[in-house]
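Visitor: Quick one: this structure, given as C-alpha cells, is what I'll be asking you about.
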Amino acid sequence: MKAYPNFDAYLKDQPRANQSVIRALRALVKRAAPTLEEAVKYSNGCWVQGKYPIAYVYAAEDHTQFGFMAGSKLADPKGLLGGNGRFVRHVKLRSVRDIVERDLVALLAQAVALGHPAAKKAPAASAARTKPARRGAAPAATDAEKQLASYFARYEPAIARLGKALRAKLRARLPGLNEIVYLYEKQDVLLVTYSPTVNGYEGLCSLGLHPHEVRLSFGQGAQLSKSDPTKLLKGSGKTVRHVVLRSAADFDRTEIAALMTAALKLAKVRLASGAKGAVISRAETQKRRASRA
C-alpha cells in the first residue's frame with residue numbers, strides 16, 4: 001500500500017477524473033460533518049472521529065467510492081449503498097453530477113452518529129472491572145442526552161414535562177432525523193431542531209421551550225398556508241411559523257398532522273422507519289461565539 005503524509009498528498013496522486021469527485025466530497029463533509037478530521041488510512045482518504053475512520057473515498061478506474069465504515073447499519077431507503085461485507089458499504093460516483101448532497105448527507109449524519117463499529121467494542125475490555133448493571137436499569141445516557149436533560153430541568157415542571165412528551169412524539173414521527181440542540185440563554189429558550197443533516201438551518205421543524213409555553217415551529221412555515229386552513233400558524237417573519245402546543249395530545253390533532261406531512265413534502269425528506277438520528281448539541285459553540293462577540 002502506498003503511504004501518504006496527508007489528505008492533500010493523497011488527493012494530488014489520484015487520477016484527474018477522481019480528483020474532481022473527491023474535492024466535491026471533501027467540501028460536502030466539511031459542511032455537513034465539521035467535527036470529522038481528514039486523514040489517510042490504508043492508502044485511502046478518510047474522515048476520522050478520534051482514531052477511528054467514519055467515512056472514506058476510494059479511487060477506482062471508472063468511479064469513486066464514498067464509503068462508510070458502519071454502512072451495513074445505515075438506513076438506505078433509496079438503495080444507494082453497495083457492498084456485502086459485514087460492516088462497510090459505499091456509494092459509487094462516476095462524476096460530480098452523481099452527487100446528490102441531501103442523500104449523501106443523510107447517510108453521513110447516520111454514520112457520524114453510529115461511529116466506527118470497533119469503537120463500540122472498546123468498553124468490553126474493561127467489563128470485568130466494572131459493576132454489572134442492575135436488572136431493569138436504563139442504559140447510560142450519552143453526554144449530549146445528559147446535557148439536554150439539564151436544559152429541560154431549567155424550566156418549570158409543567159413546561160419541562162410537556163417538552164419531553166412532545167420530544168418523544170417528534171422522535172417517533174421523524175425517525176432518522178438528527179436533533180440539533182440550541183440554548184438561547186438571554187431569551188430563556190431551548191430549541192431542538194429536527195434535521196436530515198447535521199445543520200440546524202436545514203431542519204424540518206423545531207421544538208421550542210419558552211418560559212410560559214411550548215412551540216412547534218416550521219422552518220418553511222410561510223409556505224404551508226394551503227395546509228393550514230384554520231390559521232393555526234403564527235408569526236410574521238420571512239419564513240418561520242409556529243404553533244403553541246398546550247398538551248402532548250395537541251400534537252396528534254389532524255391539523256398538526258397535516259402540517260407535518262406538508263412540511264415533509266415541501267422539504268423532500270424521506271423517512272426511514274426504525275432509523276435513529278443523533279443528538280447534537282450546539283450550546284457550547286453558541287457560548288464560545290458569544291464570548292468572542
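Residue numbering restarts at 1 in every chain; chains get A, B, ... in the order shown in the C-alpha cells, and ligands count up from 1 in that same order.
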Could you name the residues that touch Glu37 (chain A) at 7 Å or less, counting only C-alpha atoms, but leaving out those on the same chain fewer than 6 positions away, as JSON, numbers by chain?
Guide: {"A": [47, 48, 49]}
Visitor: Write out, as a PDB file, in the first residue's frame, the residues just selected, with N, CA and C atoms.
Guide:
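Heads up, here's the output in again32.pdb:
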```pdb
ATOM      1  N   TRP A  47     -12.187  10.256   6.712  1.00  0.00           N
ATOM      2  CA  TRP A  47     -12.618  11.240   7.699  1.00  0.00           C
ATOM      3  C   TRP A  47     -12.785  10.484   9.005  1.00  0.00           C
ATOM      4  N   VAL A  48     -12.083  10.938  10.025  1.00  0.00           N
ATOM      5  CA  VAL A  48     -12.000  10.165  11.260  1.00  0.00           C
ATOM      6  C   VAL A  48     -12.642  10.901  12.427  1.00  0.00           C
ATOM      7  N   GLN A  49     -13.062  10.092  13.400  1.00  0.00           N
ATOM      8  CA  GLN A  49     -13.596  10.570  14.669  1.00  0.00           C
ATOM      9  C   GLN A  49     -12.663  10.013  15.742  1.00  0.00           C
TER      10      GLN A  49
END
```
Visitor: Can you list every residue in region 130-208 of chain A that DSSP puts in strand (DSSP E), as a ChimeraX atom specification?
Guide: /A:178-184,189-195,205-208
Visitor: Keeping only C-alpha atoms, write the selected residues as a PDB file, in the first residue's frame.
Guide:
```pdb
ATOM      1  CA  ASN A 178     -30.973  14.445  13.966  1.00  0.00           C
ATOM      2  CA  GLU A 179     -31.853  16.587  16.969  1.00  0.00           C
ATOM      3  CA  ILE A 180     -29.784  19.782  16.873  1.00  0.00           C
ATOM      4  CA  VAL A 181     -29.904  21.457  20.292  1.00  0.00           C
ATOM      5  CA  TYR A 182     -29.593  25.216  20.785  1.00  0.00           C
ATOM      6  CA  LEU A 183     -29.852  27.173  24.035  1.00  0.00           C
ATOM      7  CA  TYR A 184     -30.631  30.883  23.878  1.00  0.00           C
ATOM      8  CA  VAL A 189     -35.361  29.479  25.046  1.00  0.00           C
ATOM      9  CA  LEU A 190     -34.381  25.850  24.436  1.00  0.00           C
ATOM     10  CA  LEU A 191     -34.677  24.841  20.783  1.00  0.00           C
ATOM     11  CA  VAL A 192     -34.444  21.275  19.458  1.00  0.00           C
ATOM     12  CA  THR A 193     -34.374  21.257  15.658  1.00  0.00           C
ATOM     13  CA  TYR A 194     -35.131  18.096  13.647  1.00  0.00           C
ATOM     14  CA  SER A 195     -32.847  17.960  10.632  1.00  0.00           C
ATOM     15  CA  CYS A 205     -39.232  21.711  12.335  1.00  0.00           C
ATOM     16  CA  SER A 206     -38.252  22.663  15.881  1.00  0.00           C
ATOM     17  CA  LEU A 207     -39.490  22.085  19.393  1.00  0.00           C
ATOM     18  CA  GLY A 208     -39.106  25.271  21.422  1.00  0.00           C
TER      19      GLY A 208
END
```
Visitor: Which neighbours of region 11-28 of chain A fall inside 8 Å, counting only C-alpha atoms, when residues of the same chain fewer than 2 positions from it are skipped, and could you give them as a ChimeraX atom specification?
Guide: /A:7-9,30-32,45,57,59-60,63-64,66,93,95-96,101,105
Visitor: Mind listing the helix (DSSP H, G or I) residues of region 196-293 of chain A, per DSSP on the backbone, as a ChimeraX atom specification?
Guide: /A:200-202,221-223,225-227,248-252,254-267,283-292
Visitor: I need the chosen residues saved as an mmCIF file, in the first residue's frame, with N, CA and C atoms.
Guide:
```cif
data_model
loop_
_atom_site.group_PDB
_atom_site.id
_atom_site.type_symbol
_atom_site.label_atom_id
_atom_site.label_comp_id
_atom_site.auth_asym_id
_atom_site.auth_seq_id
_atom_site.Cartn_x
_atom_site.Cartn_y
_atom_site.Cartn_z
ATOM 1 N N GLY A 200 -28.622 22.770 11.683
ATOM 2 C CA GLY A 200 -29.935 23.183 12.139
ATOM 3 C C GLY A 200 -30.703 23.996 11.115
ATOM 4 N N TYR A 201 -29.992 24.775 10.321
ATOM 5 C CA TYR A 201 -30.681 25.623 9.343
ATOM 6 C C TYR A 201 -31.365 24.811 8.245
ATOM 7 N N GLU A 202 -31.039 23.532 8.146
ATOM 8 C CA GLU A 202 -31.714 22.663 7.177
ATOM 9 C C GLU A 202 -32.810 21.840 7.839
ATOM 10 N N GLY A 221 -42.447 27.496 7.325
ATOM 11 C CA GLY A 221 -43.852 27.656 7.688
ATOM 12 C C GLY A 221 -44.630 28.632 6.832
ATOM 13 N N ALA A 222 -43.950 29.665 6.317
ATOM 14 C CA ALA A 222 -44.648 30.654 5.489
ATOM 15 C C ALA A 222 -45.211 30.033 4.219
ATOM 16 N N GLN A 223 -44.657 28.887 3.811
ATOM 17 C CA GLN A 223 -45.127 28.228 2.592
ATOM 18 C C GLN A 223 -46.180 27.155 2.874
ATOM 19 N N SER A 225 -49.271 27.693 4.125
ATOM 20 C CA SER A 225 -50.598 28.297 4.310
ATOM 21 C C SER A 225 -51.726 27.448 3.736
ATOM 22 N N LYS A 226 -51.478 26.758 2.605
ATOM 23 C CA LYS A 226 -52.518 25.927 1.997
ATOM 24 C C LYS A 226 -52.870 24.724 2.868
ATOM 25 N N SER A 227 -51.932 24.327 3.721
ATOM 26 C CA SER A 227 -52.168 23.188 4.612
ATOM 27 C C SER A 227 -52.625 23.642 5.993
ATOM 28 N N ALA A 248 -49.574 17.327 25.165
ATOM 29 C CA ALA A 248 -48.992 16.360 24.240
ATOM 30 C C ALA A 248 -50.034 15.881 23.235
ATOM 31 N N ALA A 249 -51.295 15.849 23.658
ATOM 32 C CA ALA A 249 -52.374 15.400 22.773
ATOM 33 C C ALA A 249 -52.565 16.355 21.595
ATOM 34 N N ASP A 250 -52.186 17.624 21.767
ATOM 35 C CA ASP A 250 -52.313 18.584 20.667
ATOM 36 C C ASP A 250 -51.527 18.131 19.436
ATOM 37 N N PHE A 251 -50.392 17.448 19.669
ATOM 38 C CA PHE A 251 -49.551 17.014 18.557
ATOM 39 C C PHE A 251 -50.289 16.025 17.661
ATOM 40 N N ASP A 252 -51.239 15.289 18.218
ATOM 41 C CA ASP A 252 -51.961 14.259 17.470
ATOM 42 C C ASP A 252 -53.177 14.806 16.735
ATOM 43 N N THR A 254 -55.500 16.416 13.955
ATOM 44 C CA THR A 254 -55.482 16.265 12.494
ATOM 45 C C THR A 254 -54.782 17.447 11.832
ATOM 46 N N GLU A 255 -55.025 18.649 12.345
ATOM 47 C CA GLU A 255 -54.437 19.844 11.733
ATOM 48 C C GLU A 255 -52.913 19.848 11.839
ATOM 49 N N ILE A 256 -52.394 19.393 12.995
ATOM 50 C CA ILE A 256 -50.944 19.349 13.181
ATOM 51 C C ILE A 256 -50.341 18.264 12.298
ATOM 52 N N ALA A 257 -51.022 17.117 12.216
ATOM 53 C CA ALA A 257 -50.546 16.024 11.360
ATOM 54 C C ALA A 257 -50.457 16.481 9.907
ATOM 55 N N ALA A 258 -51.438 17.269 9.472
ATOM 56 C CA ALA A 258 -51.436 17.771 8.096
ATOM 57 C C ALA A 258 -50.255 18.710 7.863
ATOM 58 N N LEU A 259 -49.944 19.540 8.836
ATOM 59 C CA LEU A 259 -48.802 20.449 8.712
ATOM 60 C C LEU A 259 -47.487 19.679 8.646
ATOM 61 N N MET A 260 -47.355 18.635 9.472
ATOM 62 C CA MET A 260 -46.144 17.824 9.452
ATOM 63 C C MET A 260 -45.972 17.142 8.099
ATOM 64 N N THR A 261 -47.049 16.590 7.570
ATOM 65 C CA THR A 261 -46.979 15.916 6.274
ATOM 66 C C THR A 261 -46.601 16.895 5.168
ATOM 67 N N ALA A 262 -47.196 18.074 5.200
ATOM 68 C CA ALA A 262 -46.892 19.096 4.192
ATOM 69 C C ALA A 262 -45.443 19.570 4.308
ATOM 70 N N ALA A 263 -44.949 19.714 5.534
ATOM 71 C CA ALA A 263 -43.566 20.155 5.732
ATOM 72 C C ALA A 263 -42.578 19.123 5.202
ATOM 73 N N LEU A 264 -42.866 17.846 5.437
ATOM 74 C CA LEU A 264 -42.013 16.772 4.913
ATOM 75 C C LEU A 264 -41.993 16.790 3.387
ATOM 76 N N LYS A 265 -43.151 16.974 2.791
ATOM 77 C CA LYS A 265 -43.242 17.002 1.329
ATOM 78 C C LYS A 265 -42.509 18.204 0.760
ATOM 79 N N LEU A 266 -42.666 19.353 1.400
ATOM 80 C CA LEU A 266 -42.017 20.572 0.932
ATOM 81 C C LEU A 266 -40.497 20.453 1.005
ATOM 82 N N ALA A 267 -40.003 19.834 2.074
ATOM 83 C CA ALA A 267 -38.561 19.683 2.258
ATOM 84 C C ALA A 267 -37.987 18.493 1.500
ATOM 85 N N ALA A 283 -24.925 24.139 21.940
ATOM 86 C CA ALA A 283 -24.959 25.142 23.000
ATOM 87 C C ALA A 283 -23.569 25.664 23.345
ATOM 88 N N GLU A 284 -22.585 24.771 23.435
ATOM 89 C CA GLU A 284 -21.244 25.218 23.778
ATOM 90 C C GLU A 284 -20.648 26.086 22.673
ATOM 91 N N THR A 285 -20.936 25.728 21.425
ATOM 92 C CA THR A 285 -20.475 26.552 20.304
ATOM 93 C C THR A 285 -21.080 27.941 20.382
ATOM 94 N N GLN A 286 -22.378 28.005 20.762
ATOM 95 C CA GLN A 286 -23.030 29.303 20.929
ATOM 96 C C GLN A 286 -22.330 30.147 22.000
ATOM 97 N N LYS A 287 -21.964 29.491 23.113
ATOM 98 C CA LYS A 287 -21.296 30.207 24.203
ATOM 99 C C LYS A 287 -19.953 30.781 23.749
ATOM 100 N N ARG A 288 -19.197 29.963 23.005
ATOM 101 C CA ARG A 288 -17.883 30.421 22.545
ATOM 102 C C ARG A 288 -18.025 31.616 21.606
ATOM 103 N N ARG A 289 -19.007 31.552 20.715
ATOM 104 C CA ARG A 289 -19.222 32.663 19.803
ATOM 105 C C ARG A 289 -19.626 33.919 20.557
ATOM 106 N N ALA A 290 -20.493 33.748 21.569
ATOM 107 C CA ALA A 290 -20.959 34.895 22.356
ATOM 108 C C ALA A 290 -19.802 35.534 23.112
ATOM 109 N N SER A 291 -18.869 34.719 23.616
ATOM 110 C CA SER A 291 -17.746 35.258 24.379
ATOM 111 C C SER A 291 -16.781 36.037 23.504
ATOM 112 N N ARG A 292 -16.757 35.703 22.192
ATOM 113 C CA ARG A 292 -15.865 36.417 21.273
ATOM 114 C C ARG A 292 -16.481 37.679 20.723
#
```
Visitor: Excluding Asn44 (chain A) and any residue of its chain fewer than 3 positions from it, enumerate the residues within 8 Å of it, using only C-alpha atoms, and give them as a PDB file with N, CA and C atoms, in the first residue's frame.
Guide:
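Resulting contents of around-v2.pdb:
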```pdb
ATOM      1  N   TYR A  10      -2.625  12.620  -0.802  1.00  0.00           N
ATOM      2  CA  TYR A  10      -3.447  11.533  -1.362  1.00  0.00           C
ATOM      3  C   TYR A  10      -4.247  12.034  -2.556  1.00  0.00           C
ATOM      4  N   VAL A  40      -5.432   9.846   6.238  1.00  0.00           N
ATOM      5  CA  VAL A  40      -5.211   8.804   5.233  1.00  0.00           C
ATOM      6  C   VAL A  40      -4.982   7.496   5.965  1.00  0.00           C
ATOM      7  N   LYS A  41      -5.805   6.503   5.665  1.00  0.00           N
ATOM      8  CA  LYS A  41      -5.667   5.183   6.265  1.00  0.00           C
ATOM      9  C   LYS A  41      -5.803   4.132   5.174  1.00  0.00           C
ATOM     10  N   TYR A  56     -14.848   7.205   3.993  1.00  0.00           N
ATOM     11  CA  TYR A  56     -13.608   7.157   3.205  1.00  0.00           C
ATOM     12  C   TYR A  56     -13.935   7.377   1.732  1.00  0.00           C
ATOM     13  N   VAL A  57     -12.883   7.655   0.953  1.00  0.00           N
ATOM     14  CA  VAL A  57     -13.002   7.689  -0.505  1.00  0.00           C
ATOM     15  C   VAL A  57     -11.987   6.713  -1.099  1.00  0.00           C
ATOM     16  N   TYR A  58     -12.395   6.089  -2.178  1.00  0.00           N
ATOM     17  CA  TYR A  58     -11.511   5.155  -2.885  1.00  0.00           C
ATOM     18  C   TYR A  58     -11.636   5.440  -4.373  1.00  0.00           C
TER      19      TYR A  58
END
```
Visitor: In Å, how far is it from CA of Arg253 (chain A) to CA of Leu232 (chain A)?
Guide: 11.5 Å
Visitor: Please identify all polymer residues within 12 Å of Gly83 (chain A), counting only C-alpha atoms, omitting same-chain residues fewer than 5 positions from it, and present them as a list in words.
Guide: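 Listed by chain and then number, they are Gln65, Phe66, Gly67, Phe68, Met69, Ala70, Gly71, Ser72, Val88, Arg89, His90, Val91 and Lys92 of chain A.
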Visitor: Pick the closest to Ala119 (chain A) from A:Leu107, A:Leu233, A:Ile54, A:Leu162: which is it, counting only C-alpha atoms?
Guide: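 Closest candidate: A:Ile54.
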Visitor: Kindly indicate which residue among A:Ala106, A:Asp76, A:Ile99, A:Phe87 lies nearest to Asn199 (chain A), using only C-alpha atoms for the distances.
Guide: A:Ala106
Visitor: Could you tell me which of A:Asp228, A:Gln187, A:Gln220, A:Ala109 comes closest to Thr35 (chain A) if we count only C-alpha atoms?
Guide: A:Ala109
Visitor: What gap, in Å, lies between CA of Gln147 (chain A) and CA of Ala275 (chain A)?
Guide: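 Going from CA of Gln147 (chain A) over to CA of Ala275 (chain A), I get 22.5 Å.
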Visitor: Restricting the calculation to only C-alpha atoms, which member of A:Leu170, A:Leu74, A:Leu36, A:Ala165 is positioned closest to Gln110 (chain A)?
Guide: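 Residue with the minimum atom-to-atom distance to Gln110 (chain A): A:Leu74.
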Visitor: Please measure the separation of CA of Gly277 (chain A) and CA of Glu156 (chain A), giving the value in Å to one decimal.
Guide: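 Taking CA of Gly277 (chain A) and CA of Glu156 (chain A), their separation equals 27.5 Å.
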Visitor: Using only C-alpha atoms, which of the listed residues (A:Thr197, A:Arg86, A:Val29, A:Arg94) sits closest to Pro117 (chain A)?
Guide: A:Arg86
Visitor: Pick the closest to Val279 (chain A) from A:His212, A:Lys146, A:Lys164, A:Lys186: which is it, counting only C-alpha atoms?
Guide: A:Lys146
